[in-house]
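Quick look at run-v3.tsv (TSV, C-alpha atoms):
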```
chain	number	residue	atom	x	y	z
B	1	MET	CA	41.74	-54.77	-52.71
B	2	ASN	CA	42.35	-57.80	-54.88
B	3	ASN	CA	38.59	-58.27	-55.19
B	4	TYR	CA	38.27	-54.68	-56.34
B	5	TYR	CA	40.81	-55.10	-59.13
B	6	PHE	CA	39.20	-58.39	-60.13
B	7	LEU	CA	35.82	-56.65	-60.41
B	8	LEU	CA	37.31	-53.90	-62.58
B	9	PHE	CA	38.95	-56.51	-64.79
B	10	PHE	CA	35.70	-58.45	-65.06
B	11	VAL	CA	33.69	-55.32	-66.02
B	12	ALA	CA	36.34	-54.30	-68.55
B	13	THR	CA	36.26	-57.77	-70.05
B	14	LEU	CA	32.49	-57.61	-70.39
B	15	ASN	CA	32.74	-54.24	-72.12
B	16	ILE	CA	35.35	-55.49	-74.57
B	17	ASN	CA	33.33	-58.60	-75.34
B	18	GLY	CA	30.24	-56.45	-75.82
B	19	GLN	CA	32.09	-54.19	-78.22
B	20	ILE	CA	33.41	-57.18	-80.15
B	21	ALA	CA	29.90	-58.61	-80.47
B	22	ASN	CA	28.53	-55.25	-81.59
B	23	CYS	CA	31.33	-54.84	-84.09
B	24	ASP	CA	30.65	-58.31	-85.47
B	25	ASP	CA	26.95	-57.44	-85.87
B	26	ALA	CA	27.81	-54.13	-87.51
B	27	ASN	CA	30.29	-55.91	-89.77
B	28	SER	CA	27.56	-58.29	-90.93
B	29	TYR	CA	25.14	-55.44	-91.70
B	30	LEU	CA	27.79	-53.43	-93.55
B	31	VAL	CA	28.90	-56.40	-95.61
B	32	ASN	CA	25.30	-57.04	-96.68
B	33	ALA	CA	24.87	-53.37	-97.48
B	34	TYR	CA	28.08	-53.38	-99.55
B	35	SER	CA	26.99	-56.53	-101.40
B	36	HIS	CA	23.59	-55.04	-102.27
B	37	VAL	CA	25.00	-51.71	-103.43
B	38	LYS	CA	27.39	-53.60	-105.73
B	39	ASP	CA	24.41	-55.46	-107.20
B	40	ALA	CA	22.66	-52.12	-107.66
B	41	TYR	CA	25.66	-50.78	-109.56
B	42	ASP	CA	25.76	-53.91	-111.77
B	43	SER	CA	22.02	-53.67	-112.57
B	44	ASN	CA	21.00	-52.95	-116.16
B	45	ASN	CA	17.69	-51.22	-115.49
B	46	ILE	CA	16.39	-48.61	-113.07
B	47	SER	CA	13.90	-50.97	-111.42
B	48	HIS	CA	16.57	-53.44	-110.24
B	49	LEU	CA	18.95	-50.60	-109.42
B	50	LYS	CA	16.41	-49.03	-107.05
B	51	TYR	CA	15.51	-52.41	-105.56
B	52	TYR	CA	19.08	-53.29	-104.60
B	53	ALA	CA	19.83	-49.73	-103.52
B	54	ASN	CA	16.88	-49.85	-101.12
B	55	ARG	CA	18.06	-53.18	-99.69
B	56	SER	CA	21.49	-51.67	-99.13
B	57	LEU	CA	19.93	-48.61	-97.50
B	58	GLU	CA	17.95	-50.77	-95.05
B	59	ALA	CA	21.08	-52.74	-94.12
B	60	PHE	CA	22.99	-49.52	-93.44
B	61	LYS	CA	20.18	-48.27	-91.20
B	62	LEU	CA	20.26	-51.49	-89.20
B	63	SER	CA	24.02	-51.13	-88.72
B	64	LYS	CA	23.86	-47.70	-87.08
B	65	LYS	CA	22.96	-48.79	-83.53
B	66	THR	CA	25.57	-51.53	-83.43
B	67	LEU	CA	28.15	-49.13	-84.88
B	68	LYS	CA	27.48	-46.65	-82.07
B	69	ASP	CA	27.89	-49.39	-79.45
B	70	CYS	CA	30.94	-50.73	-81.25
B	71	GLY	CA	32.62	-47.36	-80.99
B	72	CYS	CA	33.80	-47.28	-84.60
B	73	GLU	CA	33.26	-43.59	-85.32
B	74	THR	CA	34.82	-43.59	-88.80
B	75	ALA	CA	32.67	-46.48	-89.99
B	76	LEU	CA	29.59	-44.72	-88.55
B	77	ASN	CA	30.37	-41.50	-90.43
B	78	LEU	CA	30.86	-43.43	-93.67
B	79	THR	CA	27.58	-45.26	-93.06
B	80	ASN	CA	25.72	-41.97	-92.62
B	81	LYS	CA	27.25	-40.74	-95.87
B	82	SER	CA	26.17	-43.92	-97.68
B	83	ILE	CA	22.63	-43.57	-96.28
B	84	ASP	CA	22.40	-39.98	-97.56
B	85	LEU	CA	23.53	-41.07	-101.04
B	86	LEU	CA	21.26	-44.11	-101.29
B	87	ALA	CA	18.24	-42.12	-100.07
B	88	LYS	CA	18.53	-40.06	-103.28
B	89	VAL	CA	18.30	-43.08	-105.57
B	90	GLU	CA	14.55	-43.61	-105.14
B	91	GLY	CA	13.81	-40.14	-106.47
B	92	ALA	CA	16.10	-40.49	-109.48
B	93	GLU	CA	14.14	-40.22	-112.73
B	94	THR	CA	16.74	-41.85	-114.99
B	95	PHE	CA	18.96	-44.90	-114.71
B	96	GLU	CA	22.07	-42.74	-115.14
B	97	ASP	CA	21.10	-40.39	-112.28
B	98	GLY	CA	20.42	-43.31	-109.93
B	99	ARG	CA	23.67	-45.05	-110.88
B	100	PHE	CA	25.63	-41.87	-110.09
B	101	PHE	CA	24.52	-41.98	-106.44
B	102	VAL	CA	24.93	-45.77	-106.30
B	103	LYS	CA	28.54	-45.54	-107.48
B	104	ARG	CA	29.44	-43.05	-104.75
B	105	ALA	CA	27.59	-45.12	-102.14
B	106	ARG	CA	29.44	-48.23	-103.30
B	107	ASP	CA	32.80	-46.51	-102.72
B	108	THR	CA	31.90	-45.18	-99.27
B	109	SER	CA	30.36	-48.51	-98.21
B	110	LYS	CA	33.56	-50.27	-99.20
B	111	GLU	CA	35.50	-47.89	-96.97
B	112	SER	CA	33.05	-48.50	-94.11
B	113	VAL	CA	33.66	-52.26	-94.32
B	114	ILE	CA	37.41	-51.66	-94.17
B	115	GLU	CA	37.00	-49.41	-91.13
B	116	ILE	CA	34.76	-51.85	-89.24
B	117	ASP	CA	37.31	-54.57	-89.86
B	118	LYS	CA	39.97	-52.34	-88.30
B	119	CYS	CA	37.77	-51.76	-85.25
B	120	SER	CA	37.05	-55.45	-84.90
B	121	TYR	CA	40.74	-56.22	-85.06
B	122	SER	CA	41.67	-53.60	-82.48
B	123	ASN	CA	38.98	-54.88	-80.07
B	124	ASN	CA	40.07	-58.47	-80.44
B	125	SER	CA	43.66	-59.35	-81.34
B	126	ASN	CA	42.51	-62.83	-82.37
B	127	VAL	CA	40.30	-61.55	-85.15
B	128	VAL	CA	41.46	-63.04	-88.41
B	129	GLU	CA	42.00	-60.54	-91.21
B	130	THR	CA	40.18	-61.53	-94.39
B	131	GLU	CA	41.05	-60.91	-97.98
B	132	SER	CA	37.82	-59.20	-99.05
B	133	PHE	CA	36.80	-57.10	-96.04
B	134	ASN	CA	34.68	-59.85	-94.49
B	135	THR	CA	34.71	-63.33	-92.99
B	136	ASN	CA	33.94	-66.35	-95.13
B	137	GLU	CA	30.79	-66.98	-93.11
B	138	ASN	CA	29.37	-63.55	-93.83
B	139	THR	CA	30.34	-63.82	-97.49
B	140	GLU	CA	28.67	-67.20	-97.84
B	141	LEU	CA	25.51	-65.92	-96.14
B	142	SER	CA	25.44	-62.88	-98.38
B	143	ASP	CA	26.01	-65.02	-101.47
B	144	LEU	CA	23.13	-67.32	-100.49
B	145	GLN	CA	20.84	-64.34	-99.94
B	146	ASP	CA	21.83	-62.90	-103.30
B	147	GLU	CA	21.26	-66.21	-105.06
B	148	GLN	CA	17.84	-66.48	-103.44
B	149	LEU	CA	16.99	-62.96	-104.58
B	150	LYS	CA	18.22	-63.62	-108.12
B	151	LEU	CA	16.09	-66.76	-108.32
B	152	LYS	CA	13.07	-64.80	-107.13
B	153	LEU	CA	13.67	-62.09	-109.73
B	154	GLN	CA	14.11	-64.73	-112.43
B	155	GLN	CA	10.83	-66.37	-111.41
B	156	GLU	CA	9.07	-63.01	-111.53
B	157	ALA	CA	10.59	-62.29	-114.95
B	158	LEU	CA	9.46	-65.70	-116.23
B	159	LYS	CA	5.96	-65.10	-114.88
B	160	ILE	CA	5.78	-61.73	-116.63
B	161	LYS	CA	7.05	-63.34	-119.85
B	162	GLU	CA	4.47	-66.10	-119.53
B	163	ASN	CA	1.66	-63.55	-119.16
B	164	GLN	CA	2.95	-61.62	-122.16
B	165	ILE	CA	3.01	-64.77	-124.31
B	166	LYS	CA	-0.48	-65.68	-123.09
B	167	GLN	CA	-1.79	-62.24	-124.01
B	168	LYS	CA	-0.20	-62.43	-127.46
B	169	LEU	CA	-1.73	-65.87	-128.06
B	170	GLU	CA	-5.13	-64.59	-126.99
B	171	GLN	CA	-4.78	-61.60	-129.32
B	172	GLN	CA	-3.75	-63.86	-132.21
B	173	GLU	CA	-6.64	-66.23	-131.53
B	174	GLU	CA	-9.06	-63.30	-131.35
B	175	LYS	CA	-7.70	-61.90	-134.62
B	176	ALA	CA	-7.94	-65.32	-136.33
B	177	LEU	CA	-11.56	-65.69	-135.15
B	178	MET	CA	-12.44	-62.23	-136.44
B	179	LEU	CA	-10.94	-63.04	-139.85
B	180	LYS	CA	-12.92	-66.29	-139.95
B	181	LYS	CA	-16.14	-64.41	-139.14
B	182	GLU	CA	-15.44	-61.78	-141.81
B	183	ALA	CA	-14.82	-64.48	-144.43
B	184	LEU	CA	-18.03	-66.30	-143.44
B	185	ILE	CA	-20.11	-63.12	-143.55
B	186	LEU	CA	-18.70	-62.23	-146.97
B	187	SER	CA	-19.57	-65.69	-148.31
B	188	TYR	CA	-23.17	-65.41	-147.11
B	189	LYS	CA	-23.55	-61.89	-148.53
B	190	MET	CA	-22.25	-63.04	-151.91
B	191	ALA	CA	-24.69	-65.96	-151.85
B	192	ILE	CA	-27.60	-63.66	-150.97
B	193	THR	CA	-26.65	-61.20	-153.71
B	194	GLU	CA	-26.41	-64.00	-156.26
B	195	ASN	CA	-29.78	-65.45	-155.16
B	196	ILE	CA	-31.50	-62.06	-155.52
B	197	ARG	CA	-30.11	-61.65	-159.01
B	198	THR	CA	-31.25	-65.16	-159.98
B	199	TYR	CA	-34.70	-64.71	-158.43
B	200	ASN	CA	-35.30	-61.40	-160.21
B	201	ASP	CA	-34.14	-62.84	-163.57
B	202	ALA	CA	-36.53	-65.77	-163.15
B	203	LEU	CA	-39.46	-63.48	-162.31
B	204	LYS	CA	-38.66	-61.34	-165.32
B	205	ILE	CA	-38.74	-64.39	-167.59
B	206	CYS	CA	-42.18	-65.28	-166.22
B	207	ASP	CA	-43.36	-61.89	-167.48
B	208	CYS	CA	-45.56	-61.11	-164.54
B	209	LYS	CA	-45.93	-58.01	-162.51
B	210	HIS	CA	-43.83	-58.36	-159.40
B	211	ASP	CA	-41.90	-56.35	-156.89
B	212	ILE	CA	-38.16	-56.32	-157.39
B	213	LEU	CA	-36.52	-58.39	-154.69
B	214	LYS	CA	-33.88	-56.40	-152.79
B	215	GLU	CA	-31.41	-57.01	-150.02
B	216	VAL	CA	-32.34	-55.15	-146.85
B	217	ASP	CA	-29.30	-53.89	-144.99
B	218	SER	CA	-29.31	-54.53	-141.28
B	219	SER	CA	-27.98	-52.22	-138.61
B	220	ILE	CA	-26.89	-55.20	-136.52
B	221	ASN	CA	-23.14	-55.66	-136.16
B	222	ILE	CA	-23.25	-59.37	-136.82
B	223	SER	CA	-19.45	-59.76	-136.60
B	224	LYS	CA	-19.68	-59.44	-132.81
B	225	LYS	CA	-21.79	-62.57	-132.59
B	226	SER	CA	-20.55	-66.15	-132.46
B	227	ILE	CA	-19.91	-68.31	-135.55
B	228	LYS	CA	-23.04	-70.31	-134.76
B	229	ALA	CA	-25.15	-67.16	-134.40
B	230	ILE	CA	-23.81	-65.76	-137.70
B	231	LYS	CA	-24.74	-68.95	-139.57
B	232	SER	CA	-28.22	-68.98	-138.03
B	233	TYR	CA	-28.74	-65.30	-138.92
B	234	TYR	CA	-27.88	-65.69	-142.60
B	235	ILE	CA	-29.67	-69.02	-143.02
B	236	ASN	CA	-32.87	-67.31	-141.85
B	237	LYS	CA	-32.25	-64.49	-144.34
B	238	LEU	CA	-31.83	-67.04	-147.13
B	239	LYS	CA	-35.07	-68.72	-146.10
B	240	THR	CA	-36.90	-65.38	-146.05
B	241	GLN	CA	-35.61	-64.54	-149.53
B	242	ALA	CA	-36.65	-67.92	-150.87
B	243	SER	CA	-40.11	-67.49	-149.32
B	244	ASN	CA	-40.52	-64.03	-150.89
B	245	TYR	CA	-39.48	-65.41	-154.25
B	246	LEU	CA	-42.04	-68.23	-154.06
B	247	SER	CA	-44.72	-65.73	-153.08
B	248	GLN	CA	-43.95	-63.65	-156.17
B	249	LEU	CA	-44.10	-66.75	-158.38
B	250	ASN	CA	-47.50	-67.67	-156.97
B	251	LEU	CA	-48.78	-64.21	-157.80
B	252	CYS	CA	-47.67	-64.71	-161.40
B	253	GLU	CA	-50.04	-67.65	-161.82
B	254	LYS	CA	-53.10	-65.61	-160.95
```
How would this structure read if it were set down as structure tokens?
Amino acid sequence: MNNYYFLLFFVATLNINGQIANCDDANSYLVNAYSHVKDAYDSNNISHLKYYANRSLEAFKLSKKTLKDCGCETALNLTNKSIDLLAKVEGAETFEDGRFFVKRARDTSKESVIEIDKCSYSNNSNVVETESFNTNENTELSDLQDEQLKLKLQQEALKIKENQIKQKLEQQEEKALMLKKEALILSYKMAITENIRTYNDALKICDCKHDILKEVDSSINISKKSIKAIKSYYINKLKTQASNYLSQLNLCEK
């Protein structure tokens, strides 16, 4: 008979210890979920709000099995309510709409943490009541995870900023190059125009029959070429004009 009672006591002890362990696991999940939903509420843009809300949602989902085994029915009901609210955040089109669901989920998740603490205390009289719904260990772990996430987000933001600056520099450099090309092309065109005028005046003074030298417009978009190619193009045009002028002068001597 004594062995029978000892066996019952042993089984009961195992069950209590199992419940305590499950409640501790559930407590950890709920604390993480509560921490993330607070970060979602404190976010200043819809992207971060949805990110933290999703992390909170995943933590709540992980807590459900341990909550069932823990036997904390109230905390489980509050968790289901938080899950329903957070599931609506992803589909929110505006920051205000998403924050509305996050605020309600934050309140219910806070209540769930309080309830799981009550269950943990009732299952183990040696559980130490904490000031902020959680043990220091869980709080420190959550803080470290949050710091790690914040650093990651900061790095991503810096990378985006770096790419934006790089793009602006490239645009400015491209604009500066285009202005340089336009100035160079204008200088060559002015030189060509002046040469044609001078050549024609000289041929007129010679009083010989000659064809009027004219500038032939080209359909080539020379501004798309490199600086070196632009110089080469106009130098060849200047040479051609000079050659035509000399040919006209030679005809005058005959």
Which polymer residues, protein or nucleic acid, are no farther than 10 Å from (18.6, -43.1, -109.8), counting only C-alpha atoms, as number ranges by chain?
B: 45-47, 49-50, 53, 86-102
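Pairwise distance (atom CA of B:Cys23, atom CA of B:Ile114) equals 12.2 Å.
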Residues within 12 Å of (-20.8, -68.9, -134.9), file coords, all atoms listed in the file, listed as a PDB file with C-alpha atoms, keeping the file's coordinate frame:
```pdb
ATOM      1  CA  LEU B 177     -11.560 -65.690-135.150  1.00  0.00           C
ATOM      2  CA  MET B 178     -12.440 -62.230-136.440  1.00  0.00           C
ATOM      3  CA  LYS B 180     -12.920 -66.290-139.950  1.00  0.00           C
ATOM      4  CA  LYS B 181     -16.140 -64.410-139.140  1.00  0.00           C
ATOM      5  CA  GLU B 182     -15.440 -61.780-141.810  1.00  0.00           C
ATOM      6  CA  LEU B 184     -18.030 -66.300-143.440  1.00  0.00           C
ATOM      7  CA  ILE B 185     -20.110 -63.120-143.550  1.00  0.00           C
ATOM      8  CA  ILE B 222     -23.250 -59.370-136.820  1.00  0.00           C
ATOM      9  CA  SER B 223     -19.450 -59.760-136.600  1.00  0.00           C
ATOM     10  CA  LYS B 224     -19.680 -59.440-132.810  1.00  0.00           C
ATOM     11  CA  LYS B 225     -21.790 -62.570-132.590  1.00  0.00           C
ATOM     12  CA  SER B 226     -20.550 -66.150-132.460  1.00  0.00           C
ATOM     13  CA  ILE B 227     -19.910 -68.310-135.550  1.00  0.00           C
ATOM     14  CA  LYS B 228     -23.040 -70.310-134.760  1.00  0.00           C
ATOM     15  CA  ALA B 229     -25.150 -67.160-134.400  1.00  0.00           C
ATOM     16  CA  ILE B 230     -23.810 -65.760-137.700  1.00  0.00           C
ATOM     17  CA  LYS B 231     -24.740 -68.950-139.570  1.00  0.00           C
ATOM     18  CA  SER B 232     -28.220 -68.980-138.030  1.00  0.00           C
ATOM     19  CA  TYR B 233     -28.740 -65.300-138.920  1.00  0.00           C
ATOM     20  CA  TYR B 234     -27.880 -65.690-142.600  1.00  0.00           C
TER      21      TYR B 234
END
```
Each side padded by 4 Å, which centre and which edge lengths in Å (one decimal) define the axis-aligned box around the listed atoms of stretch 116-120 of chain B? Give them as JSON.
```
{"center_x": 37.4, "center_y": -53.6, "center_z": -87.4, "size_x": 13.2, "size_y": 11.7, "size_z": 13.0}
```
Just how far from atom CA of B:Tyr52 is atom CA of B:Asp39, in Å to one decimal?
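Pair atom CA of B:Asp39 / atom CA of B:Tyr52 returns 6.3 Å.
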Tell me which of B:Lys68, B:Lys150, B:Lys81, B:Arg104 sits closest to B:His48, counting all atoms listed in the file.
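Distance minimum relative to B:His48 lands on B:Lys150.
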For B:Ser35: contacts at 10 Å, only C-alpha atoms, fewer than 2 positions along chain excluded, given as a VMD selection string:
chain B and resid 29 to 33 37 to 40 52 55 to 56 106 109 to 110 139 142 to 143 146
For B:Asp84, which residue among B:Ile165, B:Ala157, B:Cys206, B:Leu57 is the nearest when counting only C-alpha atoms?
B:Leu57
Provide the atom CA of B:Thr108 to atom CA of B:Lys152 distance in Å, to one decimal place.
28.3 Å
At a cut-off of 8 Å, can you tabulate as a tab-separated table every residue of stretch 182-239 of chain B near stretch 244-250 of chain B together with its closest atom pair and the distance in Å to one decimal, using all atoms listed in the file and ordering rows by chain then number?
```
residue	atom	partner	partner_atom	distance
B:Tyr199	CA	B:Tyr245	CA	6.4
B:Leu203	CA	B:Leu249	CA	6.9
B:His210	CA	B:Gln248	CA	6.2
B:Asp211	CA	B:Gln248	CA	7.6
B:Leu213	CA	B:Tyr245	CA	7.6
```
Calculated over only C-alpha atoms, which of the candidates B:Asp107, B:Glu156, B:Glu174, B:Asp117 has the smallest distance to B:Leu85?
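Residue with the minimum atom-to-atom distance to B:Leu85: B:Asp107.
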